[in-house]
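The next block holds one structure in the form of structure tokens; read it before the comments.
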Amino acid sequence: MRGLRLTCSILAGAAFAVLAGCAATPPAGPTPPVAEAGRPAVPLLRLPPASLGRTLHLQQQITVRYPSPQGEQTRDILALLEADAGHTRLAALAGGQVLARLDWDGSDLHVTRAPWAPAELVPERILSDLQLSLWPVAAIRAALPPGWRLDATPAMRRLLAGDELVAEIRYPDAATTEFVQRRDGYRLTIRTLQGEGARP
């Protein structure tokens, strides 16, 4: 099952870039990009749960690879995802303990995290990566700010800012998703262990 082609948005770079903070209440729709060294920031998607158009119940093993001063680091996280018309809920576990929980109802994003969870985690990013991977292409395209586009085939999605390839998602088989965030340098390999829900 091609679920949680994520994220955090859920999960250091993305697994960890998606889970920081205790609670947030972002506006519906993508967060306006902010210029970064002459480039627009990667937009944060805030698509309504109902726009997914199906339900998901997924248990996934996520391997996160991200750069650090000590070289590339690797983390493994177990993610439990439930999505329906009313809510998108995600729980991330590491070492048999809950690292963080996320609940998005289309208006409010609620996040709780363990005291020992990495401070770098950003819940908004995990939700955005999740939606970029799983939500219908038409819903994503309609929410992107000017200058951004999503190219998609059944086996791949590519997020571009002008001519810059920012993120690439591949679905090599029905149980695997490979997510590469080129701008920030993190990579996710997501393997569905158990799942229920249609493919994007």
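Chain labels follow the order of the structure tokens: the first chain is A, the next B, and so on; residue numbering restarts at 1 in every chain, and ligands are counted from 1 in their shown order.
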Can you tell me which residues surround Arg89 of chain A at a distance of at most 7 Å, considering only C-alpha atoms, apart from same-chain residues fewer than 3 positions away, and format the answer as a VMD selection string? chain A and resid 81 to 83 102 to 104
Show me a table, sorted first by chain and then by increasing residue number, of the residues of segment 38-95 of chain A having an atom at most 7 Å from segment 108-128 of chain A, each with its shortest atom pair and the distance in Å to one decimal, counting only C-alpha atoms and written as a Markdown table.
```
| residue | atom | partner | partner_atom | distance |
| --- | --- | --- | --- | --- |
| A:Leu44 | CA | A:Ser128 | CA | 5.2 |
| A:Leu45 | CA | A:Ser128 | CA | 4.7 |
| A:Arg46 | CA | A:Ser128 | CA | 6.7 |
```
Please give the complete set of residues from segment 7-196 of chain A that DSSP, run on the backbone, assigns to strand (DSSP E), formatted as a PyMOL selection string. chain A and resi 23-24+35-36+39-40+56-66+73-83+88-94+97-104+109-113+148-153+156-161+164-173+176-181+186-196
With a distance cut-off of 7 Å and only C-alpha atoms, select the neighbouring residues of Arg157 of chain A, excluding the residue or stretch itself and same-chain residues fewer than 3 positions from it, and output the selection as an mmCIF file with C-alpha atoms, in the first residue's frame.
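That gives us selection.cif:
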```cif
data_model
loop_
_atom_site.group_PDB
_atom_site.id
_atom_site.type_symbol
_atom_site.label_atom_id
_atom_site.label_comp_id
_atom_site.auth_asym_id
_atom_site.auth_seq_id
_atom_site.Cartn_x
_atom_site.Cartn_y
_atom_site.Cartn_z
ATOM 1 C CA LEU A 150 3.515 19.376 -9.231
ATOM 2 C CA ASP A 151 4.406 16.973 -12.032
ATOM 3 C CA ALA A 152 2.959 13.513 -11.494
ATOM 4 C CA THR A 153 2.712 10.043 -12.990
ATOM 5 C CA GLU A 168 10.699 13.921 -5.553
ATOM 6 C CA ILE A 169 8.523 11.006 -4.500
ATOM 7 C CA ARG A 170 8.756 7.566 -6.091
#
```
Let me make sure I understand: among A:Thr192, A:Ser107, A:Thr177, A:Gln97, which one has the smallest atom-to-atom distance to Asp129 of chain A if we use only C-alpha atoms?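 That would be A:Thr177, the residue with the smallest distance to Asp129 of chain A.
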When you look at segment 60-64 of chain A with a cut-off of 7 Å (counting only C-alpha atoms), what residues show up, excluding the ones that are within fewer than 3 positions of it in the same chain? I need them as a compact mmCIF listing (two decimals) with N, CA and C atoms, in the first residue's frame.
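What follows is the written file selection29.txt:
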```txt
# COMPACT_ATOMS: atom_id res chain seq x y z
N ALA A 12 14.51 13.60 11.78
CA ALA A 12 15.36 14.62 11.42
C ALA A 12 14.87 15.12 10.16
N ALA A 15 10.97 13.01 9.17
CA ALA A 15 10.42 12.33 10.32
C ALA A 15 10.70 13.19 11.51
N THR A 74 21.00 8.35 10.28
CA THR A 74 19.87 7.51 9.93
C THR A 74 19.04 7.23 11.18
N ARG A 75 17.72 7.34 11.05
CA ARG A 75 16.81 7.03 12.15
C ARG A 75 15.67 6.17 11.60
N ASP A 76 15.21 5.26 12.42
CA ASP A 76 14.05 4.43 12.07
C ASP A 76 12.90 4.78 12.98
N ILE A 77 11.72 4.94 12.38
CA ILE A 77 10.52 5.31 13.13
C ILE A 77 9.36 4.45 12.67
N LEU A 78 8.53 4.06 13.60
CA LEU A 78 7.29 3.38 13.27
C LEU A 78 6.18 4.42 13.28
N ALA A 79 5.44 4.51 12.19
CA ALA A 79 4.37 5.51 12.07
C ALA A 79 3.02 4.83 11.94
N LEU A 80 2.05 5.30 12.71
CA LEU A 80 0.68 4.82 12.64
C LEU A 80 -0.18 5.96 12.12
N ARG A 187 16.00 12.33 3.25
CA ARG A 187 15.39 11.27 2.46
C ARG A 187 14.60 10.35 3.38
N LEU A 188 13.46 9.90 2.90
CA LEU A 188 12.62 8.95 3.63
C LEU A 188 12.41 7.71 2.79
N THR A 189 12.56 6.57 3.42
CA THR A 189 12.12 5.32 2.80
C THR A 189 11.00 4.78 3.67
N ILE A 190 9.81 4.65 3.09
CA ILE A 190 8.62 4.29 3.84
C ILE A 190 8.11 2.95 3.36
N ARG A 191 8.01 2.01 4.27
CA ARG A 191 7.53 0.67 3.94
C ARG A 191 6.26 0.38 4.73
N THR A 192 5.20 0.08 4.03
CA THR A 192 3.95 -0.23 4.70
C THR A 192 3.98 -1.66 5.22
N LEU A 193 3.78 -1.81 6.52
CA LEU A 193 3.77 -3.13 7.16
C LEU A 193 2.35 -3.71 7.17
```
Going by DSSP on the backbone, which residues of segment 30-173 of chain A come out as helix (DSSP H, G or I)? List them as a list of chain:residue names.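 Result set for segment 30-173 of chain A (helix (DSSP H, G or I)): A:Pro49, A:Ala50, A:Ser51, A:Leu52, A:Pro123, A:Glu124, A:Arg125, A:Ile126, A:Leu127, A:Ser128, A:Asp129, A:Leu130, A:Gln131, A:Leu132, A:Ser133, A:Leu134, A:Val137, A:Ala138, A:Ala139, A:Ile140, A:Arg141, A:Ala142, A:Ala143.
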So that I can check the surroundings of Asp105 of chain A, please list as a list of chain:residue names every protein, DNA and RNA residue that reaches within 8 Å of it, counting only C-alpha atoms and ignoring chain neighbours fewer than 4 positions away.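 Those residues are A:Pro48, A:Pro49, A:Gly86, A:His87, A:Thr88, A:Leu109.
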Between atom CA of Pro69 of chain A and atom CA of Glu164 of chain A, distance in Å (one decimal): 25.3 Å
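Between Gly162 of chain A and the residues A:Arg149, A:Arg182, A:Arg141, A:Arg54, the shortest atom-to-atom distance, using only C-alpha atoms, involves A:Arg149.
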Atom CA of Pro40 of chain A to atom CA of Tyr186 of chain A: how many Å, to one decimal?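 So the two atoms, atom CA of Pro40 of chain A and atom CA of Tyr186 of chain A, lie 18.3 Å apart.
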